[in-house]
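Quick notes on the structure that follows.
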Amino acid sequence: MAKLSKPDDSQDNTGSPGNSDAARPNEADVDLRKQAEMNLLQPINAARSKRHLVIGAGQLGRALERALADMRNPVRVITRAELDLRKPERFRKILDGEEVDRVWLTAAATAVDWCEDNAREAELVNTDAPGVIAEICRDRGVALAHFSTDYVFSGIDGKEPRKNPYFEDDEPDPLSVYGRTKLEGEARLLDAHPDASVIRTSGLFSTDGKNFFNAVYAKGKAGETVRVVNDQVTAPTNVFHLAGWLARHYEQIPRDITHLAAGGGVSWRRAAEAAFELCGFSTALVIGITSEDLGRPATRPRYSVLGSRILPKLALPHLPSWLEGLVLWATEKTGRTQA
Ligand SMILES: NC(=O)c1ccc[n+]([C@@H]2O[C@H](COP(=O)([O-])OP(=O)(O)OC[C@H]3O[C@@H](n4cnc5c(N)ncnc54)[C@H](OP(=O)(O)O)[C@@H]3O)[C@@H](O)[C@H]2O)c1
């Protein structure tokens, strides 16, 4: 059984509420989070069921479908084959044939480097489409929730590297086309549908999606080395935790922007090491490099941990820590219970 060693505290400077030791939460936190997770999984009163339409069949779209269905809500997922967000007006016709209370817009151009090289297409999908979808939902009186990203922030405070979480009222300053187009999409959506909600999250992963952990897992399983950046700190968020939270609390998601990401913060290198430990692979296979070494087209923030001041105000729970999300992922991935 894999055992996780003491995390590298130098990477952990999040100060996220309830997660002061971000990589290894204390026992009280774990108890609270276990309780919160159990609450996430409890079925709700069928009388509260709403009809949901999820746009996008990616990691989050599929996880939301499962979580909403588990809560006995009728839910349908719209794939790219049915609605290409480069032509979002088609959604009006789709909605005409549906009885829907709530739309979740999870589809987006999420490949950060692809966006850098395909800026116009990224704008169509990440900026223009959310505005059009919001107009259509507003005209039909349908609730709308949309998703955005920690990459709307730069990780820089003046000239200094950021060391504290970004809250909802911090000024965004994206570094990449992806971050900029997502930020502009937030504004378009909220202009068109002022009652809509935008949920900013970070580093989404699941056991079956295209994501960082599944990519390094494939390498580790093959006994190959992975080169991973030391100098980007974020909070990888298990979509199971995010979708479970949303399915349970969707009626209470505030209008405007809310940050909802895993607790704590970690560098991708340390996160890869933790994944390898949990999966029983040698951490010597993980080689730390810098962002410059990697030389990707799009610049990523060096620090983009999200904190929320809105959740505690509404007495809503935070998500479990990134490490709890990773343990869940590793348990599912390897079929082994983690110590
Ligand atoms: N992934 C992350 O790490 C992350 C972090 C922070 C925030 N977010 C945000 O969270 C949301 C969900 O992300 P995710 O991880 O579920 O993304 P994902 O797994 O990459 O899924 C994105 C979905 O969007 C679809 N899509 C892309 N272009 C489209 C188009 N032109 N028309 C219709 N559908 C299109 C994709 O379809 P195909 O499969 O056919 O390409 C895919 O099903 C997004 O808004 C994203 O910006 C993600």
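Chain identifiers are assigned as A, B, and so on, following the order in which chains appear in the structure tokens; residues are numbered from 1 within each chain, and ligands are numbered from 1 in order of appearance.
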Next item on the list: Could you give me the residues within stretch 192-242 of chain A that DSSP places in strand (DSSP E or B), as an MDAnalysis selection string?
Entry: chainID A and resid 197:201 204:205 226:229 233:234 237:238
Next item on the list: Collect all residues with atoms no farther than 7 Å from ligand 1, counting only C-alpha atoms and all ligand atoms, and output them as a VMD selection string.
Entry: chain A and resid 56 to 61 79 to 80 83 to 86 106 to 111 125 146 to 150 182 200 to 205 209 to 211
Check: Quick one, how far is atom CA of A:Gly265 from atom CA of A:Phe240?
Finding: 18.2 Å
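Across the structure, atom CA of A:Pro130 and atom CA of A:Trp268 are spaced 29.6 Å apart.
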Determine, using only C-alpha atoms, which residues of stretch 279-325 of chain A have any atom at most 10 Å from an atom of stretch 215-228 of chain A, and tabulate each with its shortest atom pair and distance in Å to one decimal place, rows ordered by chain and then rising number, as CSV.
residue,atom,partner,partner_atom,distance
A:Cys279,CA,A:Tyr217,CA,8.1
A:Gly280,CA,A:Gly220,CA,9.2
A:Phe281,CA,A:Gly220,CA,6.1
A:Ser282,CA,A:Gly220,CA,7.9
A:Thr283,CA,A:Gly220,CA,8.9
A:Ala284,CA,A:Thr225,CA,8.0
A:Leu285,CA,A:Thr225,CA,4.4
A:Val286,CA,A:Val226,CA,5.1
A:Ile287,CA,A:Arg227,CA,4.7
A:Gly288,CA,A:Val228,CA,5.2
A:Ile289,CA,A:Val228,CA,5.7
A:Thr290,CA,A:Val228,CA,7.9
A:Ser291,CA,A:Val228,CA,8.8
A:Asp293,CA,A:Arg227,CA,9.4
A:Leu294,CA,A:Val228,CA,8.3
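Of the residues listed (A:Arg269, A:Glu99, A:Ala298, A:Arg138), A:Ala298 shows the shortest atom-to-atom separation from A:Asp117; distances use only C-alpha atoms.
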Margin query: To test your reading of the structure, identify every residue in stretch 64-273 of chain A that backbone DSSP assigns to alpha helix (DSSP H), and report it as a PyMOL selection string.
Written below: chain A and resi 64-70+90-96+112-117+119-123+129-140+177-192+212-221+239-249+268-273
